[in-house]
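J.: Sharing coords_9.cif, mmCIF, C-alpha atoms and all ligand atoms:
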```
data_run
loop_
_atom_site.group_PDB
_atom_site.id
_atom_site.type_symbol
_atom_site.label_atom_id
_atom_site.label_comp_id
_atom_site.auth_asym_id
_atom_site.auth_seq_id
_atom_site.Cartn_x
_atom_site.Cartn_y
_atom_site.Cartn_z
ATOM 1 C CA MET A 1 179.099 -19.286 19.615
ATOM 2 C CA LYS A 2 175.522 -18.931 20.814
ATOM 3 C CA ILE A 3 174.406 -20.002 24.309
ATOM 4 C CA LEU A 4 170.834 -20.268 25.596
ATOM 5 C CA ILE A 5 170.486 -18.944 29.153
ATOM 6 C CA VAL A 6 167.272 -20.171 30.771
ATOM 7 C CA ASN A 7 165.706 -18.974 34.006
ATOM 8 C CA GLY A 8 162.785 -20.848 35.513
ATOM 9 C CA PRO A 9 159.784 -19.919 37.667
ATOM 10 C CA ASN A 10 159.802 -16.909 40.002
ATOM 11 C CA ILE A 11 163.265 -15.748 38.938
ATOM 12 C CA ASN A 12 161.375 -12.725 37.543
ATOM 13 C CA LEU A 13 160.519 -11.878 41.177
ATOM 14 C CA LEU A 14 164.121 -11.792 42.376
ATOM 15 C CA GLY A 15 165.034 -8.614 44.188
ATOM 16 C CA THR A 16 161.546 -8.162 45.609
ATOM 17 C CA ARG A 17 161.677 -10.749 48.437
ATOM 18 C CA GLU A 18 163.986 -13.058 50.406
ATOM 19 C CA PRO A 19 167.120 -10.855 50.024
ATOM 20 C CA GLU A 20 168.747 -12.933 52.788
ATOM 21 C CA ILE A 21 168.803 -15.895 50.368
ATOM 22 C CA TYR A 22 169.006 -14.324 46.912
ATOM 23 C CA GLY A 23 170.649 -10.962 47.685
ATOM 24 C CA THR A 24 169.578 -7.892 45.761
ATOM 25 C CA LEU A 25 169.969 -9.577 42.393
ATOM 26 C CA THR A 26 167.164 -9.003 39.860
ATOM 27 C CA LEU A 27 166.479 -10.778 36.571
ATOM 28 C CA ASP A 28 167.257 -7.522 34.719
ATOM 29 C CA SER A 29 170.635 -7.246 36.448
ATOM 30 C CA ILE A 30 171.458 -10.884 35.617
ATOM 31 C CA VAL A 31 170.651 -10.217 31.945
ATOM 32 C CA GLU A 32 172.610 -6.952 31.897
ATOM 33 C CA LYS A 33 175.743 -8.244 33.646
ATOM 34 C CA LEU A 34 175.794 -11.558 31.806
ATOM 35 C CA SER A 35 175.319 -9.823 28.434
ATOM 36 C CA ALA A 36 178.403 -7.721 29.183
ATOM 37 C CA TYR A 37 180.432 -10.774 30.218
ATOM 38 C CA ALA A 38 179.261 -12.784 27.185
ATOM 39 C CA GLY A 39 180.356 -9.889 24.936
ATOM 40 C CA ASP A 40 183.794 -9.884 26.599
ATOM 41 C CA ILE A 41 184.325 -13.581 25.815
ATOM 42 C CA GLY A 42 182.835 -13.403 22.308
ATOM 43 C CA VAL A 43 179.617 -15.294 23.049
ATOM 44 C CA GLU A 44 176.117 -14.450 21.808
ATOM 45 C CA PRO A 45 173.620 -15.029 24.645
ATOM 46 C CA GLU A 46 169.933 -15.873 24.134
ATOM 47 C CA PHE A 47 168.023 -15.117 27.341
ATOM 48 C CA PHE A 48 164.753 -16.815 28.245
ATOM 49 C CA GLN A 49 162.681 -16.785 31.440
ATOM 50 C CA SER A 50 159.377 -18.538 31.961
ATOM 51 C CA ASN A 51 157.145 -19.605 34.808
ATOM 52 C CA ILE A 52 155.678 -22.349 32.600
ATOM 53 C CA GLU A 53 157.329 -25.774 32.361
ATOM 54 C CA GLY A 54 156.153 -26.489 28.783
ATOM 55 C CA GLU A 55 157.509 -23.162 27.526
ATOM 56 C CA ILE A 56 160.919 -24.050 28.942
ATOM 57 C CA VAL A 57 160.731 -27.441 27.210
ATOM 58 C CA ASP A 58 159.818 -25.706 23.906
ATOM 59 C CA LYS A 59 162.748 -23.277 24.219
ATOM 60 C CA ILE A 60 165.227 -26.080 24.926
ATOM 61 C CA GLN A 61 163.929 -27.939 21.852
ATOM 62 C CA TRP A 62 164.305 -24.722 19.822
ATOM 63 C CA ALA A 63 167.944 -24.468 20.952
ATOM 64 C CA ARG A 64 168.824 -27.733 19.217
ATOM 65 C CA ASP A 65 169.006 -25.931 15.854
ATOM 66 C CA PHE A 66 170.153 -22.494 16.977
ATOM 67 C CA CYS A 67 172.510 -22.805 19.983
ATOM 68 C CA ASP A 68 175.757 -24.518 20.910
ATOM 69 C CA GLY A 69 175.051 -24.977 24.608
ATOM 70 C CA ILE A 70 172.747 -24.162 27.529
ATOM 71 C CA VAL A 71 173.084 -22.529 30.948
ATOM 72 C CA ILE A 72 169.975 -23.205 32.993
ATOM 73 C CA ASN A 73 168.661 -22.171 36.386
ATOM 74 C CA PRO A 74 165.538 -24.349 36.424
ATOM 75 C CA ALA A 75 164.541 -22.810 39.805
ATOM 76 C CA ALA A 76 161.830 -24.917 41.515
ATOM 77 C CA TYR A 77 161.580 -27.184 38.441
ATOM 78 C CA THR A 78 165.060 -28.422 39.392
ATOM 79 C CA HIS A 79 163.398 -30.537 42.047
ATOM 80 C CA THR A 80 160.327 -31.690 40.098
ATOM 81 C CA SER A 81 160.712 -31.708 36.332
ATOM 82 C CA VAL A 82 161.276 -34.893 34.376
ATOM 83 C CA ALA A 83 160.042 -32.982 31.279
ATOM 84 C CA ILE A 84 162.893 -30.443 31.402
ATOM 85 C CA ARG A 85 165.394 -33.206 32.112
ATOM 86 C CA ASP A 86 164.150 -35.188 29.088
ATOM 87 C CA ALA A 87 164.305 -32.084 26.856
ATOM 88 C CA ILE A 88 167.958 -31.426 27.785
ATOM 89 C CA SER A 89 168.777 -35.066 27.252
ATOM 90 C CA ALA A 90 166.967 -35.114 23.877
ATOM 91 C CA VAL A 91 168.658 -32.060 22.324
ATOM 92 C CA LYS A 92 172.129 -33.391 23.128
ATOM 93 C CA LEU A 93 173.565 -29.918 23.779
ATOM 94 C CA PRO A 94 176.016 -29.473 26.663
ATOM 95 C CA ALA A 95 174.185 -27.858 29.577
ATOM 96 C CA VAL A 96 175.284 -26.456 32.936
ATOM 97 C CA GLU A 97 172.817 -26.213 35.837
ATOM 98 C CA VAL A 98 173.277 -23.078 37.930
ATOM 99 C CA HIS A 99 171.776 -21.838 41.192
ATOM 100 C CA ILE A 100 172.105 -18.528 42.958
ATOM 101 C CA SER A 101 171.868 -20.116 46.405
ATOM 102 C CA ASN A 102 173.678 -23.198 47.669
ATOM 103 C CA ILE A 103 170.789 -25.667 47.292
ATOM 104 C CA HIS A 104 172.732 -28.267 49.315
ATOM 105 C CA GLN A 105 172.740 -26.006 52.359
ATOM 106 C CA ARG A 106 168.976 -25.437 52.382
ATOM 107 C CA GLU A 107 165.847 -27.592 52.867
ATOM 108 C CA GLU A 108 166.268 -31.316 52.180
ATOM 109 C CA PHE A 109 163.897 -31.212 49.151
ATOM 110 C CA ARG A 110 166.189 -28.734 47.365
ATOM 111 C CA ARG A 111 169.161 -31.105 47.530
ATOM 112 C CA HIS A 112 167.810 -33.367 44.811
ATOM 113 C CA SER A 113 168.014 -32.269 41.189
ATOM 114 C CA PHE A 114 166.255 -34.081 38.337
ATOM 115 C CA ILE A 115 168.304 -31.931 35.958
ATOM 116 C CA ALA A 116 171.915 -32.392 37.155
ATOM 117 C CA PRO A 117 172.355 -35.949 35.789
ATOM 118 C CA VAL A 118 171.836 -34.719 32.197
ATOM 119 C CA CYS A 119 174.160 -31.706 32.610
ATOM 120 C CA ILE A 120 177.921 -31.584 32.306
ATOM 121 C CA GLY A 121 177.984 -30.008 35.788
ATOM 122 C CA GLN A 122 176.227 -27.972 38.450
ATOM 123 C CA ILE A 123 177.263 -24.660 40.027
ATOM 124 C CA ALA A 124 175.454 -23.450 43.150
ATOM 125 C CA GLY A 125 175.882 -20.837 45.819
ATOM 126 C CA PHE A 126 177.774 -18.024 44.144
ATOM 127 C CA GLY A 127 174.976 -15.541 43.465
ATOM 128 C CA PHE A 128 175.351 -13.860 40.065
ATOM 129 C CA ASP A 129 178.771 -15.509 39.679
ATOM 130 C CA SER A 130 177.057 -18.916 39.365
ATOM 131 C CA TYR A 131 175.760 -17.734 35.952
ATOM 132 C CA LYS A 132 179.147 -16.329 34.968
ATOM 133 C CA LEU A 133 180.958 -19.519 35.999
ATOM 134 C CA GLY A 134 178.300 -21.623 34.268
ATOM 135 C CA LEU A 135 178.707 -19.693 31.021
ATOM 136 C CA GLU A 136 182.484 -19.951 31.211
ATOM 137 C CA ALA A 137 182.257 -23.711 31.902
ATOM 138 C CA VAL A 138 179.941 -24.509 28.995
ATOM 139 C CA VAL A 139 181.989 -22.368 26.579
ATOM 140 C CA ASP A 140 185.262 -24.044 27.648
ATOM 141 C CA TYR A 141 183.627 -27.463 27.309
ATOM 142 C CA ILE A 142 182.400 -26.701 23.762
ATOM 143 C CA LYS A 143 185.828 -25.358 22.758
ATOM 144 C CA SER A 144 187.543 -28.450 24.139
ATOM 145 C CA LYS A 145 185.361 -30.680 21.922
ATOM 146 C CA LYS A 146 186.143 -28.788 18.681
HETATM 147 O O1 LIG B 1 169.119 -20.760 44.151
HETATM 148 C C1 LIG B 1 168.548 -20.816 43.075
HETATM 149 O O2 LIG B 1 168.970 -20.281 42.045
HETATM 150 C C2 LIG B 1 167.187 -21.544 42.961
HETATM 151 O O3 LIG B 1 167.134 -22.161 41.677
HETATM 152 C C3 LIG B 1 166.114 -20.469 43.109
HETATM 153 C C4 LIG B 1 164.701 -21.023 43.117
HETATM 154 C C5 LIG B 1 164.564 -22.181 44.117
HETATM 155 O O4 LIG B 1 163.276 -22.770 44.000
HETATM 156 C C6 LIG B 1 165.635 -23.254 43.920
HETATM 157 O O5 LIG B 1 165.486 -24.261 44.905
HETATM 158 C C7 LIG B 1 167.020 -22.648 44.009
HETATM 159 C C8 LIG B 1 163.705 -19.890 43.455
HETATM 160 C C9 LIG B 1 163.763 -18.735 42.453
HETATM 161 C C10 LIG B 1 163.118 -17.466 42.870
HETATM 162 O O6 LIG B 1 162.405 -17.553 44.092
HETATM 163 C C11 LIG B 1 161.980 -16.414 44.715
HETATM 164 C C12 LIG B 1 161.413 -16.589 45.970
HETATM 165 C C13 LIG B 1 160.972 -15.498 46.677
HETATM 166 C C14 LIG B 1 161.070 -14.232 46.128
HETATM 167 C C15 LIG B 1 161.618 -14.066 44.884
HETATM 168 C C16 LIG B 1 162.076 -15.145 44.158
#
```
For the file at hand, write its structure as structure tokens.

T.:
Amino acid sequence: MKILIVNGPNINLLGTREPEIYGTLTLDSIVEKLSAYAGDIGVEPEFFQSNIEGEIVDKIQWARDFCDGIVINPAAYTHTSVAIRDAISAVKLPAVEVHISNIHQREEFRRHSFIAPVCIGQIAGFGFDSYKLGLEAVVDYIKSKK
């Protein structure tokens, strides 16, 4: 089983600022730890990070032919992007939205997600474990449909 794991804008800067919100997590550590976990559960991960909305749309479209599901932290695009929402909806792959921080506990504008309605679920507030739980959830969902 192959799962696309997408990280949106500024996730590449994690670990450099705002440790009170995002901890000491870096993009490299997310990739390293999630690769190990994916290996443990027999999943092949495809990692992708971009600061560019259209590149994220292109990668989601690519996944239609090459992946079984998607785990996505759309970062700030969560709160703005109809294009990413439409791409997830169009490819018809099960997707889980994940966030490092609890977006519902922060500024009002972060509470709304354009992406969540086209996902099977949303996981927020568990740091790195949000990715791990998101991967586990999408894999279980795919298995349950087979
Ligand atoms: O909690 C999350 O995972 C977020 O998706 C992170 C986004 C934020 O815009 C979402 O509302 C919630 C931000 C990603 C990285 O932002 C940084 C900000 C300062 C320094 C480094 C990274």

J.: I'd like the interatomic distance between atom C11 of ligand LIG 1 (chain B) and atom CA of Gly39 of chain A, to a tenth of an Å.

T.: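 If I compute the distance from atom C11 of ligand LIG 1 (chain B) to atom CA of Gly39 of chain A, I get 27.8 Å.
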
J.: Could you tell me, counting only C-alpha atoms and all ligand atoms, which protein and nucleic acid residues lie no more than 8 Å from ligand LIG 1 (chain B), written as number ranges by chain?

T.: A: 8-19, 21-22, 73-79, 98-103, 110, 124-125, 127

J.: Would you mind telling me which residue in A:Ser113, A:Gln105, A:Ser35, A:Ser89 lies nearest to Tyr131 of chain A when using all atoms listed in the file?

T.: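 Among A:Ser113, A:Gln105, A:Ser35, A:Ser89, it is A:Ser35 that comes nearest to Tyr131 of chain A.
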
J.: Residues within 8 Å of (169.5, -13.8, 25.8), file coordinates, counting all atoms listed in the file: what are they? Give the list as a PyMOL selection string.

T.: chain A and resi 4-5+31+35+44-48

J.: Applying the PyMOL selection byres (((chain A and resi 85-88) around 10) and not hetatm) to the file I just gave you, which residues come out? Please list them as a PyMOL selection string.

T.: chain A and resi 56-61+63-64+70+72+74+77-78+80-84+89-95+113-119

J.: How far is it from atom CA of Lys33 of chain A to atom CA of Gly134 of chain A, in Å with one decimal?

T.: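 These atoms are spaced 13.6 Å apart.
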
J.: Atom CA of Leu135 of chain A and atom CA of Ile123 of chain A, how far apart in Å?

T.: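 According to the coordinates, atom CA of Ile123 of chain A and atom CA of Leu135 of chain A are separated by 10.4 Å.
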
J.: Hey, which of A:Leu133, A:Asp40, A:Lys146, A:Phe128 ends up closest to Thr26 of chain A? Count all atoms listed in the file.

T.: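 Nearest to Thr26 of chain A: A:Phe128.
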
J.: When you look at Glu136 of chain A with a cut-off of 12 Å (counting only C-alpha atoms), what residues show up, excluding the ones that are within fewer than 2 positions of it in the same chain? I need them as a PDB file with C-alpha atoms, keeping the file's coordinate frame.

T.:
```pdb
ATOM      1  CA  ILE A   3     174.406 -20.002  24.309  1.00  0.00           C
ATOM      2  CA  LEU A  34     175.794 -11.558  31.806  1.00  0.00           C
ATOM      3  CA  TYR A  37     180.432 -10.774  30.218  1.00  0.00           C
ATOM      4  CA  ALA A  38     179.261 -12.784  27.185  1.00  0.00           C
ATOM      5  CA  ASP A  40     183.794  -9.884  26.599  1.00  0.00           C
ATOM      6  CA  ILE A  41     184.325 -13.581  25.815  1.00  0.00           C
ATOM      7  CA  GLY A  42     182.835 -13.403  22.308  1.00  0.00           C
ATOM      8  CA  VAL A  43     179.617 -15.294  23.049  1.00  0.00           C
ATOM      9  CA  GLY A  69     175.051 -24.977  24.608  1.00  0.00           C
ATOM     10  CA  ILE A  70     172.747 -24.162  27.529  1.00  0.00           C
ATOM     11  CA  VAL A  71     173.084 -22.529  30.948  1.00  0.00           C
ATOM     12  CA  ALA A  95     174.185 -27.858  29.577  1.00  0.00           C
ATOM     13  CA  VAL A  96     175.284 -26.456  32.936  1.00  0.00           C
ATOM     14  CA  VAL A  98     173.277 -23.078  37.930  1.00  0.00           C
ATOM     15  CA  GLY A 121     177.984 -30.008  35.788  1.00  0.00           C
ATOM     16  CA  ILE A 123     177.263 -24.660  40.027  1.00  0.00           C
ATOM     17  CA  ASP A 129     178.771 -15.509  39.679  1.00  0.00           C
ATOM     18  CA  SER A 130     177.057 -18.916  39.365  1.00  0.00           C
ATOM     19  CA  TYR A 131     175.760 -17.734  35.952  1.00  0.00           C
ATOM     20  CA  LYS A 132     179.147 -16.329  34.968  1.00  0.00           C
ATOM     21  CA  LEU A 133     180.958 -19.519  35.999  1.00  0.00           C
ATOM     22  CA  GLY A 134     178.300 -21.623  34.268  1.00  0.00           C
ATOM     23  CA  VAL A 138     179.941 -24.509  28.995  1.00  0.00           C
ATOM     24  CA  VAL A 139     181.989 -22.368  26.579  1.00  0.00           C
ATOM     25  CA  ASP A 140     185.262 -24.044  27.648  1.00  0.00           C
ATOM     26  CA  TYR A 141     183.627 -27.463  27.309  1.00  0.00           C
ATOM     27  CA  ILE A 142     182.400 -26.701  23.762  1.00  0.00           C
ATOM     28  CA  LYS A 143     185.828 -25.358  22.758  1.00  0.00           C
TER      29      LYS A 143
END
```

J.: Box for segment 128-134 of chain A - axis-aligned, 5 Å on each of the six sides, all listed atoms - centre and size in Å to one decimal, as AutoDock Vina command-line options.

T.:
```
--center_x 178.2 --center_y -17.7 --center_z 37.2 --size_x 15.6 --size_y 17.8 --size_z 15.8
```
